[in-house]
>>> print(open('structure_20.txt').read())   # compact mmCIF, C-alpha atoms
# COMPACT_ATOMS: atom_id res chain seq x y z
CA MET D 26 103.33 155.99 67.26
CA ALA D 27 103.30 152.39 68.38
CA GLU D 28 100.43 152.86 70.78
CA ARG D 29 98.28 154.28 68.02
CA GLU D 30 98.37 151.03 66.07
CA GLY D 31 95.31 149.86 67.94
CA GLU D 32 96.66 146.60 69.34
CA VAL D 33 97.83 147.98 72.68
CA GLY D 34 96.39 151.50 72.75
CA VAL D 35 94.07 152.74 75.47
CA ASP D 36 90.77 151.76 73.95
CA PRO D 37 88.09 154.10 75.39
CA ARG D 38 85.71 151.15 75.55
CA LEU D 39 88.16 149.23 77.71
CA LEU D 40 88.80 152.25 79.90
CA GLU D 41 85.28 151.63 81.15
CA LEU D 42 86.63 148.36 82.50
CA LEU D 43 89.16 150.09 84.76
CA VAL D 44 88.58 151.27 88.33
CA CYS D 45 90.87 152.71 90.99
CA PRO D 46 92.84 149.79 92.49
CA LEU D 47 92.56 151.36 95.95
CA THR D 48 88.93 152.48 96.17
CA LYS D 49 87.52 150.41 93.26
CA GLY D 50 85.77 153.67 92.36
CA PRO D 51 85.48 155.21 88.87
CA LEU D 52 88.33 156.81 86.93
CA ARG D 53 88.34 159.84 84.66
CA TRP D 54 90.73 160.05 81.72
CA ASP D 55 92.65 163.31 81.69
CA ARG D 56 93.53 163.44 78.01
CA ALA D 57 95.92 166.40 78.34
CA LYS D 58 98.06 164.81 81.03
CA ASN D 59 97.35 161.28 79.79
CA GLU D 60 96.44 160.14 83.27
CA LEU D 61 93.60 158.21 84.84
CA VAL D 62 92.27 160.23 87.73
CA SER D 63 90.66 158.74 90.82
CA GLU D 64 88.87 161.61 92.57
CA GLN D 65 88.03 159.43 95.57
CA ALA D 66 91.63 158.39 96.19
CA GLY D 67 93.06 161.76 95.15
CA LEU D 68 95.47 159.97 92.82
CA ALA D 69 96.35 160.16 89.13
CA TYR D 70 97.57 156.97 87.46
CA PRO D 71 99.96 157.54 84.55
CA ILE D 72 99.67 155.94 81.11
CA ARG D 73 103.12 155.13 79.70
CA ASP D 74 103.67 153.79 76.19
CA GLY D 75 99.95 153.13 75.99
CA ILE D 76 99.94 150.99 79.15
CA PRO D 77 97.97 152.28 82.16
CA ILE D 78 100.07 151.93 85.32
CA MET D 79 97.46 150.99 87.89
CA LEU D 80 99.78 150.93 90.90
CA VAL D 81 99.24 153.13 93.94
CA GLU D 82 102.99 153.57 94.43
CA GLU D 83 103.36 154.90 90.86
CA ALA D 84 100.39 157.26 91.08
CA ARG D 85 100.69 161.03 91.43
CA PRO D 86 98.85 162.57 94.40
CA LEU D 87 96.46 165.22 93.12
CA GLY D 88 97.28 168.81 94.03
CA GLU D 89 94.88 171.25 95.66
CA GLY D 90 91.93 172.05 93.43
CA GLU D 91 92.85 169.26 91.05
CA ALA D 92 90.45 166.79 92.56
CA VAL D 93 87.51 168.60 91.02
CA PRO D 94 86.05 167.10 87.86
CA GLU D 95 86.87 169.21 84.82
CA GLU D 96 83.24 169.87 83.98
CA LEU D 97 82.72 171.53 87.39
CA ARG D 98 85.72 173.85 87.09
CA ARG D 99 85.44 177.40 85.85
CA MET M 11 95.53 156.30 103.43
CA SER M 12 95.88 152.65 104.32
CA ARG M 13 96.90 150.31 101.52
CA ALA M 14 95.52 147.41 103.47
CA ARG M 15 91.94 148.50 103.26
CA SER M 16 91.51 147.14 99.75
CA ILE M 17 92.38 143.71 101.04
CA ASP M 18 89.80 141.62 102.81
CA GLY M 19 90.35 141.56 106.55
CA GLY M 20 92.97 144.17 105.80
CA GLU M 21 95.44 144.66 108.59
CA GLU M 22 98.35 147.03 108.15
CA GLU M 23 100.70 144.09 108.45
CA LEU M 24 99.26 142.49 105.35
CA GLY M 25 99.59 145.76 103.48
CA GLY M 26 103.31 145.82 104.27
CA LEU M 27 103.64 142.24 103.11
CA VAL M 28 101.88 143.05 99.85
CA GLU M 29 104.38 145.82 99.15
CA ALA M 30 107.41 143.73 100.11
CA GLN M 31 106.17 140.87 97.94
CA ALA M 32 105.51 143.20 95.02
CA ARG M 33 109.07 144.52 95.30
CA GLU M 34 110.61 141.06 95.33
CA VAL M 35 108.63 139.87 92.31
CA LEU M 36 109.30 143.09 90.43
CA ARG M 37 113.03 142.84 91.09
CA ALA M 38 113.18 139.24 89.88
CA TYR M 39 111.20 139.83 86.68
CA GLU M 40 112.87 143.07 85.71
CA ARG M 41 116.15 141.15 85.99
CA ILE M 42 115.05 138.11 84.08
CA ALA M 43 112.74 139.55 81.40
CA PRO M 44 115.37 139.71 78.61
CA ILE M 45 116.27 136.03 78.98
CA TYR M 46 113.05 134.59 80.39
CA ASP M 47 111.98 132.78 77.22
CA LEU M 48 115.48 131.39 76.78
CA LEU M 49 115.63 130.14 80.38
CA ASP M 50 112.16 128.69 80.37
CA GLY M 51 112.34 127.52 76.75
CA LEU M 52 113.10 123.87 77.41
CA TYR M 53 110.20 123.59 79.90
CA GLU M 54 107.93 125.58 77.63
CA TRP M 55 108.46 123.38 74.60
CA SER M 56 108.72 120.03 76.38
CA TRP M 57 105.60 120.25 78.56
CA LYS M 58 104.26 123.68 79.50
CA ARG M 59 102.70 124.26 76.07
CA ARG M 60 100.73 121.05 76.33
CA LEU M 61 99.35 122.01 79.74
CA ARG M 62 98.46 125.52 78.59
CA ALA M 63 96.46 124.03 75.70
CA GLU M 64 94.65 121.70 78.12
CA LEU M 65 93.92 124.55 80.55
CA PHE M 66 92.55 126.93 77.93
CA ALA M 67 90.11 124.27 76.72
CA HIS M 68 88.17 125.23 79.89
CA ALA M 69 87.97 128.96 79.04
CA LEU M 70 84.54 130.49 78.47
CA PRO M 71 83.69 132.78 75.55
CA GLY M 72 83.74 136.49 76.27
CA ARG M 73 86.26 138.53 78.20
CA LEU M 74 89.42 136.91 79.53
CA LEU M 75 91.99 138.23 82.01
CA ASP M 76 95.53 136.82 81.89
CA VAL M 77 97.01 137.56 85.33
CA GLY M 78 100.79 137.70 85.23
CA VAL M 79 100.84 137.69 81.43
CA GLY M 80 104.65 137.70 81.53
CA THR M 81 106.23 137.36 78.12
CA GLY M 82 102.89 136.13 76.74
CA CYS M 83 103.44 132.35 76.80
CA ASN M 84 99.64 131.86 77.01
CA MET M 85 98.90 134.00 73.96
CA PRO M 86 98.93 131.17 71.37
CA PHE M 87 96.23 129.43 73.42
CA TYR M 88 93.75 132.27 73.94
CA PRO M 89 90.26 131.47 72.65
CA LYS M 90 89.98 132.86 69.14
CA ASP M 91 87.20 135.37 69.64
CA ALA M 92 87.81 136.30 73.28
CA GLU M 93 88.53 139.87 74.31
CA ILE M 94 91.83 139.68 76.18
CA VAL M 95 93.28 141.83 78.94
CA GLY M 96 96.76 140.99 80.25
CA ILE M 97 98.31 142.37 83.42
CA ASP M 98 101.76 142.13 84.95
CA ALA M 99 103.71 143.90 87.69
CA SER M 100 106.86 144.17 85.58
CA PRO M 101 107.19 146.77 82.80
CA ALA M 102 109.98 144.72 81.20
CA MET M 103 107.73 141.67 80.97
CA LEU M 104 104.86 143.79 79.61
CA GLU M 105 107.17 145.06 76.89
CA ARG M 106 107.93 141.45 75.90
CA ALA M 107 104.21 140.66 75.99
CA ARG M 108 103.49 143.57 73.68
CA THR M 109 106.09 142.37 71.20
CA ARG M 110 104.68 138.84 71.23
CA ALA M 111 101.09 140.03 70.78
CA ARG M 112 102.18 142.01 67.76
CA ARG M 113 104.07 139.05 66.32
CA LEU M 114 101.06 136.77 66.79
CA GLY M 115 98.65 139.39 65.47
CA ARG M 116 96.62 139.20 68.69
CA THR M 117 94.88 142.15 70.26
CA VAL M 118 95.82 142.12 73.94
CA GLU M 119 95.07 145.08 76.19
CA LEU M 120 97.99 145.42 78.59
CA ARG M 121 97.91 147.07 82.02
CA ARG M 122 100.47 147.20 84.81
CA MET M 123 98.91 146.02 88.08
CA ASN M 124 99.46 144.19 91.33
CA LEU M 125 97.27 141.07 91.32
CA LEU M 126 96.39 141.73 94.97
CA GLU M 127 94.92 145.13 94.07
CA LEU M 128 93.27 144.65 90.71
CA ALA M 129 91.90 147.77 89.04
CA PHE M 130 88.84 146.05 87.58
CA PRO M 131 85.22 146.23 88.71
CA ASP M 132 83.52 143.20 90.31
CA GLY M 133 82.56 140.44 87.89
CA ALA M 134 84.32 142.05 84.93
CA PHE M 135 85.59 138.81 83.38
CA ASP M 136 84.13 135.56 82.12
CA THR M 137 87.46 133.79 82.52
CA VAL M 138 90.46 134.64 84.71
CA VAL M 139 93.70 132.76 84.05
CA ALA M 140 96.88 132.63 86.16
CA THR M 141 99.57 130.19 85.02
CA PHE M 142 102.65 129.74 87.24
CA VAL M 143 101.76 132.98 89.04
CA LEU M 144 100.31 132.16 92.47
CA LEU M 145 103.50 130.23 93.25
CA CYS M 146 105.17 133.63 93.58
CA LEU M 147 103.06 134.38 96.68
CA PRO M 148 103.76 133.46 100.32
CA ASP M 149 101.10 131.59 102.32
CA GLU M 150 99.63 134.75 103.85
CA LEU M 151 98.83 136.22 100.44
CA GLN M 152 97.28 133.12 98.84
CA LEU M 153 93.79 133.82 100.27
CA PRO M 154 93.80 137.57 99.47
CA ALA M 155 94.96 136.72 95.92
CA LEU M 156 92.23 134.11 95.40
CA ARG M 157 89.60 136.51 96.74
CA GLU M 158 90.76 139.23 94.38
CA LEU M 159 90.64 136.86 91.38
CA ALA M 160 87.17 135.72 92.50
CA ARG M 161 86.00 139.32 92.83
CA VAL M 162 86.70 140.16 89.19
CA THR M 163 85.20 136.89 87.90
CA ARG M 164 81.50 137.06 87.01
CA PRO M 165 79.08 134.66 88.72
CA GLY M 166 79.21 131.46 86.68
CA GLY M 167 82.60 132.45 85.31
CA ARG M 168 85.79 130.45 85.65
CA ILE M 169 89.23 130.76 87.13
CA LEU M 170 91.93 128.64 85.47
CA LEU M 171 95.14 127.92 87.36
CA LEU M 172 98.38 126.06 86.66
CA ASP M 173 101.00 125.85 89.39
CA TYR M 174 103.76 123.62 90.63
CA HIS M 175 102.81 121.11 93.28
CA ARG M 176 105.13 119.53 95.83
CA SER M 177 105.56 116.03 94.48
CA SER M 178 104.94 112.99 96.68
CA ARG M 179 107.70 111.12 94.88
CA THR M 180 111.00 111.17 96.71
CA ALA M 181 113.20 111.60 93.64
CA VAL M 182 111.12 114.51 92.36
CA ARG M 183 111.09 116.11 95.81
CA TRP M 184 114.86 115.99 95.92
CA TRP M 185 115.02 117.51 92.46
CA MET M 186 112.63 120.26 93.52
CA ARG M 187 114.64 120.90 96.67
CA LEU M 188 117.80 121.19 94.59
CA LEU M 189 116.20 123.69 92.24
CA SER M 190 114.22 125.69 94.77
CA ALA M 191 116.90 128.30 95.48
CA TRP M 192 117.25 128.95 91.75
CA LEU M 193 113.48 129.14 91.30
CA ARG M 194 113.28 131.61 94.15
CA TRP M 195 116.09 133.82 92.85
CA ALA M 196 115.22 133.73 89.17
CA PHE M 197 111.42 133.66 89.26
CA ALA M 198 110.59 134.65 92.88
CA ALA M 199 108.67 131.37 92.88
CA ARG M 200 108.32 128.15 94.86
CA PHE M 201 107.36 124.56 94.20
CA ASP M 202 104.85 124.25 97.04
CA PRO M 203 102.26 127.03 96.93
CA THR M 204 99.45 126.55 99.46
CA THR M 205 96.77 127.87 97.11
CA GLU M 206 94.53 124.82 97.37
CA GLN M 207 94.13 125.08 101.15
CA HIS M 208 92.26 128.36 100.74
CA LEU M 209 89.77 127.59 97.96
CA ALA M 210 86.73 127.10 100.20
CA GLU M 211 87.44 130.21 102.25
CA ALA M 212 87.83 132.21 99.05
CA GLY M 213 84.41 130.97 97.93
CA LEU M 214 85.78 128.94 95.04
CA ARG M 215 84.53 125.52 93.97
CA PRO M 216 86.83 123.23 91.96
CA LEU M 217 85.18 122.00 88.75
CA VAL M 218 88.34 120.22 87.62
CA ARG M 219 91.44 119.23 89.54
CA ALA M 220 94.10 117.33 87.64
CA GLN M 221 97.71 116.50 88.33
CA ARG M 222 100.21 116.47 85.52
CA MET M 223 103.90 115.80 85.14
CA GLY M 224 103.48 112.99 87.62
CA ASP M 225 102.11 115.07 90.48
CA GLY M 226 104.52 117.98 89.99
CA VAL M 227 101.96 120.35 88.47
CA THR M 228 98.32 120.99 89.42
CA LEU M 229 95.67 122.14 86.96
CA LEU M 230 92.62 123.75 88.55
CA VAL M 231 89.36 124.99 87.06
CA LEU M 232 87.41 126.95 89.67
CA GLU M 233 83.98 128.53 89.84
CA PRO M 234 83.04 131.29 92.30
CA ASP M 235 80.17 130.41 94.64
CA ALA M 236 76.94 132.25 93.88
CA ARG M 237 77.01 135.58 95.67
>>> encode(input="structure_20.txt", output="structure tokens")
Amino acid sequence: MAEREGEVGVDPRLLELLVCPLTKGPLRWDRAKNELVSEQAGLAYPIRDGIPIMLVEEARPLGEGEAVPEELRR
Amino acid sequence: MSRARSIDGGEEELGGLVEAQAREVLRAYERIAPIYDLLDGLYEWSWKRRLRAELFAHALPGRLLDVGVGTGCNMPFYPKDAEIVGIDASPAMLERARTRARRLGRTVELRRMNLLELAFPDGAFDTVVATFVLLCLPDELQLPALRELARVTRPGGRILLLDYHRSSRTAVRWWMRLLSAWLRWAFAARFDPTTEQHLAEAGLRPLVRAQRMGDGVTLLVLEPDAR
């Protein structure tokens, strides 16, 4: 796939450079859904064609129970 | 949740303006993306390239943010070893940028963002560049935009700007007036951005201020005040 070529993929190192545009708080990458999750804002930012869409109006509001970090879920 | 709270002095009114502005710019650039390089080609080859080269001579080594990367007209001028991140509000423009990066063999990390609500931590970049971008913003958003660019620039880093400037020469002013409706429709832009009036309030110090193309274009190299 194009986004796997390395030139425009979501480089994990550069993911560290991203914060939530609303809260400026940290983001967690949900690999399964390919989203960047802002727990503080309760929003999930999609990644389309390898490009993170860091717009509040394009973000998906988190459902109930979703706003819990994966490592704390049972 | 209030959108305005991410903007300094954030009133609701400003938040509404941010969204309206974002919609207008998005509409214009989604429309024009396929033919942007064709439309702007004459300007690009006759003088914009020269000014981009001059501007990028002021870039610092390290990490560089290209705000409003568009179709990637700045890409040939990026410092060789810099780590580049490019943002734009328009997916169509980002697609063009991706194609150009590939053609030039440049690694450019692309993200879709609103420049008034950047998704980067404070001081993330050594150099922040915006060429012919702030002229898309109305007066009320010039200060919030400058503050947001300053926020993501590290202390001692630089902000590099190129924008149109309202010429003092009568003939050029008439020409600009004639073209302004087209500029507004096609590029959601204007010839007389008020950016420079807000530099001090945004905590930005000009290191270089130069006028080019007569006085029709302003080149600015800015440094954030020590915080």
>>> atom_distance(input="structure_20.txt", atom1="atom CA of Val79 of chain M", atom2="atom CA of Glu64 of chain D")
29.0 Å
>>> interface_residues(input="structure_20.txt", of="chain M", to="chain D", cutoff="8 Å", atoms="all atoms listed in the file", output="PDB file with C-alpha atoms, in the coordinates of the input")
ATOM      1  CA  ARG M  13      96.900 150.310 101.520  1.00  0.00           C
ATOM      2  CA  ARG M  15      91.940 148.500 103.260  1.00  0.00           C
ATOM      3  CA  SER M  16      91.510 147.140  99.750  1.00  0.00           C
ATOM      4  CA  ARG M 108     103.490 143.570  73.680  1.00  0.00           C
ATOM      5  CA  ARG M 112     102.180 142.010  67.760  1.00  0.00           C
ATOM      6  CA  ARG M 116      96.620 139.200  68.690  1.00  0.00           C
ATOM      7  CA  THR M 117      94.880 142.150  70.260  1.00  0.00           C
ATOM      8  CA  VAL M 118      95.820 142.120  73.940  1.00  0.00           C
ATOM      9  CA  GLU M 119      95.070 145.080  76.190  1.00  0.00           C
ATOM     10  CA  LEU M 120      97.990 145.420  78.590  1.00  0.00           C
ATOM     11  CA  ARG M 121      97.910 147.070  82.020  1.00  0.00           C
ATOM     12  CA  ARG M 122     100.470 147.200  84.810  1.00  0.00           C
ATOM     13  CA  MET M 123      98.910 146.020  88.080  1.00  0.00           C
ATOM     14  CA  ASN M 124      99.460 144.190  91.330  1.00  0.00           C
ATOM     15  CA  GLU M 127      94.920 145.130  94.070  1.00  0.00           C
ATOM     16  CA  LEU M 128      93.270 144.650  90.710  1.00  0.00           C
ATOM     17  CA  ALA M 129      91.900 147.770  89.040  1.00  0.00           C
ATOM     18  CA  PHE M 130      88.840 146.050  87.580  1.00  0.00           C
ATOM     19  CA  PRO M 131      85.220 146.230  88.710  1.00  0.00           C
ATOM     20  CA  ALA M 134      84.320 142.050  84.930  1.00  0.00           C
TER      21      ALA M 134
END
>>> closest_residue(input="structure_20.txt", among="M:Glu233, M:Asp149, M:Asp132, M:Glu105", to="Val218 of chain M", atoms="all atoms listed in the file")
M:Glu233
>>> closest_residue(input="structure_20.txt", among="M:Leu170, M:Met223, M:Val162, M:Ala32", to="His68 of chain M", atoms="all atoms listed in the file")
M:Leu170
>>> atom_distance(input="structure_20.txt", atom1="atom CA of Pro86 of chain M", atom2="atom CA of Asp50 of chain M")
16.2 Å
>>> atom_distance(input="structure_20.txt", atom1="atom CA of Leu126 of chain M", atom2="atom CA of Gln31 of chain M")
10.3 Å
>>> residues_near_point(input="structure_20.txt", point="(103.5, 121.3, 92.2)", cutoff="8 Å", atoms="only C-alpha atoms", output="list in words")
Asp173, Tyr174, His175, Arg176, Ser177, Phe201, Asp202, Pro203, Asp225, Gly226, Val227 and Thr228 of chain M
>>> write_last_selection(input="structure_20.txt", atoms="C-alpha atoms", output="PDB file, in the frame of the given file")
ATOM      1  CA  ASP M 173     101.000 125.850  89.390  1.00  0.00           C
ATOM      2  CA  TYR M 174     103.760 123.620  90.630  1.00  0.00           C
ATOM      3  CA  HIS M 175     102.810 121.110  93.280  1.00  0.00           C
ATOM      4  CA  ARG M 176     105.130 119.530  95.830  1.00  0.00           C
ATOM      5  CA  SER M 177     105.560 116.030  94.480  1.00  0.00           C
ATOM      6  CA  PHE M 201     107.360 124.560  94.200  1.00  0.00           C
ATOM      7  CA  ASP M 202     104.850 124.250  97.040  1.00  0.00           C
ATOM      8  CA  PRO M 203     102.260 127.030  96.930  1.00  0.00           C
ATOM      9  CA  ASP M 225     102.110 115.070  90.480  1.00  0.00           C
ATOM     10  CA  GLY M 226     104.520 117.980  89.990  1.00  0.00           C
ATOM     11  CA  VAL M 227     101.960 120.350  88.470  1.00  0.00           C
ATOM     12  CA  THR M 228      98.320 120.990  89.420  1.00  0.00           C
TER      13      THR M 228
END
>>> closest_residue(input="structure_20.txt", among="M:Leu156, M:Leu172, M:Ala198, M:Met103", to="Ala210 of chain M", atoms="only C-alpha atoms")
M:Leu156
>>> residues_around(input="structure_20.txt", residues="segment 88-91 of chain D", least_positions_apart="5", cutoff="10 Å", atoms="all atoms listed in the file", output="PyMOL selection string")
chain D and resi 62+64+67-69+98
>>> decode(input="structure_20.txt", residues="segment 72-168 of chain M", atoms="C-alpha atoms", output="PDB file, in the first residue's frame")
ATOM      1  CA  GLY M  72      16.378  20.466  12.569  1.00  0.00           C
ATOM      2  CA  ARG M  73      12.629  20.089  12.352  1.00  0.00           C
ATOM      3  CA  LEU M  74      10.621  22.266   9.973  1.00  0.00           C
ATOM      4  CA  LEU M  75       6.861  22.792   9.735  1.00  0.00           C
ATOM      5  CA  ASP M  76       5.386  23.925   6.405  1.00  0.00           C
ATOM      6  CA  VAL M  77       2.014  25.477   7.284  1.00  0.00           C
ATOM      7  CA  GLY M  78      -0.380  25.388   4.345  1.00  0.00           C
ATOM      8  CA  VAL M  79       1.897  23.070   2.373  1.00  0.00           C
ATOM      9  CA  GLY M  80      -0.577  23.218  -0.531  1.00  0.00           C
ATOM     10  CA  THR M  81       0.662  21.436  -3.628  1.00  0.00           C
ATOM     11  CA  GLY M  82       4.196  21.493  -2.192  1.00  0.00           C
ATOM     12  CA  CYS M  83       5.661  24.533  -3.992  1.00  0.00           C
ATOM     13  CA  ASN M  84       8.162  24.956  -1.116  1.00  0.00           C
ATOM     14  CA  MET M  85       9.434  21.385  -1.309  1.00  0.00           C
ATOM     15  CA  PRO M  86      12.364  22.034  -3.695  1.00  0.00           C
ATOM     16  CA  PHE M  87      13.668  24.603  -1.199  1.00  0.00           C
ATOM     17  CA  TYR M  88      13.527  22.616   2.043  1.00  0.00           C
ATOM     18  CA  PRO M  89      16.902  22.382   3.802  1.00  0.00           C
ATOM     19  CA  LYS M  90      18.526  19.126   2.743  1.00  0.00           C
ATOM     20  CA  ASP M  91      18.755  17.380   6.089  1.00  0.00           C
ATOM     21  CA  ALA M  92      15.717  18.885   7.810  1.00  0.00           C
ATOM     22  CA  GLU M  93      12.907  16.710   9.102  1.00  0.00           C
ATOM     23  CA  ILE M  94       9.779  18.079   7.423  1.00  0.00           C
ATOM     24  CA  VAL M  95       6.149  18.101   8.504  1.00  0.00           C
ATOM     25  CA  GLY M  96       3.576  19.645   6.160  1.00  0.00           C
ATOM     26  CA  ILE M  97       0.003  20.533   7.084  1.00  0.00           C
ATOM     27  CA  ASP M  98      -2.978  21.736   5.096  1.00  0.00           C
ATOM     28  CA  ALA M  99      -6.720  22.061   5.639  1.00  0.00           C
ATOM     29  CA  SER M 100      -7.562  20.628   2.218  1.00  0.00           C
ATOM     30  CA  PRO M 101      -7.354  16.885   1.507  1.00  0.00           C
ATOM     31  CA  ALA M 102      -7.143  17.590  -2.231  1.00  0.00           C
ATOM     32  CA  MET M 103      -4.104  19.809  -1.736  1.00  0.00           C
ATOM     33  CA  LEU M 104      -2.502  17.232   0.581  1.00  0.00           C
ATOM     34  CA  GLU M 105      -2.932  14.614  -2.124  1.00  0.00           C
ATOM     35  CA  ARG M 106      -1.051  16.890  -4.555  1.00  0.00           C
ATOM     36  CA  ALA M 107       1.622  17.478  -1.922  1.00  0.00           C
ATOM     37  CA  ARG M 108       2.056  13.745  -1.452  1.00  0.00           C
ATOM     38  CA  THR M 109       2.500  13.244  -5.187  1.00  0.00           C
ATOM     39  CA  ARG M 110       5.089  16.016  -5.389  1.00  0.00           C
ATOM     40  CA  ALA M 111       7.045  14.717  -2.384  1.00  0.00           C
ATOM     41  CA  ARG M 112       7.227  11.330  -4.036  1.00  0.00           C
ATOM     42  CA  ARG M 113       8.346  12.837  -7.333  1.00  0.00           C
ATOM     43  CA  LEU M 114      11.069  14.860  -5.610  1.00  0.00           C
ATOM     44  CA  GLY M 115      12.109  11.925  -3.441  1.00  0.00           C
ATOM     45  CA  ARG M 116      11.531  14.000  -0.288  1.00  0.00           C
ATOM     46  CA  THR M 117      10.241  12.580   2.955  1.00  0.00           C
ATOM     47  CA  VAL M 118       7.435  14.875   4.088  1.00  0.00           C
ATOM     48  CA  GLU M 119       5.110  13.885   6.919  1.00  0.00           C
ATOM     49  CA  LEU M 120       1.648  15.164   5.999  1.00  0.00           C
ATOM     50  CA  ARG M 121      -1.177  15.945   8.421  1.00  0.00           C
ATOM     51  CA  ARG M 122      -4.541  17.606   7.913  1.00  0.00           C
ATOM     52  CA  MET M 123      -4.965  20.507  10.343  1.00  0.00           C
ATOM     53  CA  ASN M 124      -6.390  23.957  10.896  1.00  0.00           C
ATOM     54  CA  LEU M 125      -3.489  26.367  11.437  1.00  0.00           C
ATOM     55  CA  LEU M 126      -5.460  28.048  14.228  1.00  0.00           C
ATOM     56  CA  GLU M 127      -5.642  24.776  16.170  1.00  0.00           C
ATOM     57  CA  LEU M 128      -2.336  23.062  15.556  1.00  0.00           C
ATOM     58  CA  ALA M 129      -1.985  19.540  16.925  1.00  0.00           C
ATOM     59  CA  PHE M 130       1.669  19.943  17.915  1.00  0.00           C
ATOM     60  CA  PRO M 131       3.173  20.403  21.372  1.00  0.00           C
ATOM     61  CA  ASP M 132       4.753  23.733  22.382  1.00  0.00           C
ATOM     62  CA  GLY M 133       8.161  24.418  20.871  1.00  0.00           C
ATOM     63  CA  ALA M 134       8.061  21.378  18.592  1.00  0.00           C
ATOM     64  CA  PHE M 135       9.779  23.023  15.616  1.00  0.00           C
ATOM     65  CA  ASP M 136      13.045  24.787  14.904  1.00  0.00           C
ATOM     66  CA  THR M 137      11.558  26.510  11.862  1.00  0.00           C
ATOM     67  CA  VAL M 138       7.934  27.247  10.970  1.00  0.00           C
ATOM     68  CA  VAL M 139       7.206  28.404   7.414  1.00  0.00           C
ATOM     69  CA  ALA M 140       3.986  29.875   5.975  1.00  0.00           C
ATOM     70  CA  THR M 141       4.165  31.175   2.402  1.00  0.00           C
ATOM     71  CA  PHE M 142       1.104  32.958   0.981  1.00  0.00           C
ATOM     72  CA  VAL M 143      -1.000  31.478   3.785  1.00  0.00           C
ATOM     73  CA  LEU M 144      -1.764  34.186   6.360  1.00  0.00           C
ATOM     74  CA  LEU M 145      -3.302  36.263   3.561  1.00  0.00           C
ATOM     75  CA  CYS M 146      -6.213  33.816   3.704  1.00  0.00           C
ATOM     76  CA  LEU M 147      -7.124  35.063   7.193  1.00  0.00           C
ATOM     77  CA  PRO M 148      -9.323  38.043   8.162  1.00  0.00           C
ATOM     78  CA  ASP M 149      -7.943  40.678  10.559  1.00  0.00           C
ATOM     79  CA  GLU M 150      -9.488  39.079  13.650  1.00  0.00           C
ATOM     80  CA  LEU M 151      -7.624  35.817  13.079  1.00  0.00           C
ATOM     81  CA  GLN M 152      -4.177  37.252  12.314  1.00  0.00           C
ATOM     82  CA  LEU M 153      -3.183  37.486  16.008  1.00  0.00           C
ATOM     83  CA  PRO M 154      -4.532  34.033  16.985  1.00  0.00           C
ATOM     84  CA  ALA M 155      -2.697  32.558  13.964  1.00  0.00           C
ATOM     85  CA  LEU M 156       0.610  34.244  14.843  1.00  0.00           C
ATOM     86  CA  ARG M 157       0.288  33.105  18.464  1.00  0.00           C
ATOM     87  CA  GLU M 158      -0.341  29.538  17.363  1.00  0.00           C
ATOM     88  CA  LEU M 159       2.705  29.576  15.052  1.00  0.00           C
ATOM     89  CA  ALA M 160       4.771  31.081  17.889  1.00  0.00           C
ATOM     90  CA  ARG M 161       3.553  28.411  20.300  1.00  0.00           C
ATOM     91  CA  VAL M 162       4.908  25.533  18.220  1.00  0.00           C
ATOM     92  CA  THR M 163       8.226  27.292  17.509  1.00  0.00           C
ATOM     93  CA  ARG M 164      11.008  26.526  19.989  1.00  0.00           C
ATOM     94  CA  PRO M 165      12.669  29.415  21.857  1.00  0.00           C
ATOM     95  CA  GLY M 166      15.379  30.709  19.528  1.00  0.00           C
ATOM     96  CA  GLY M 167      13.586  29.163  16.559  1.00  0.00           C
ATOM     97  CA  ARG M 168      12.349  31.032  13.512  1.00  0.00           C
TER      98      ARG M 168
END
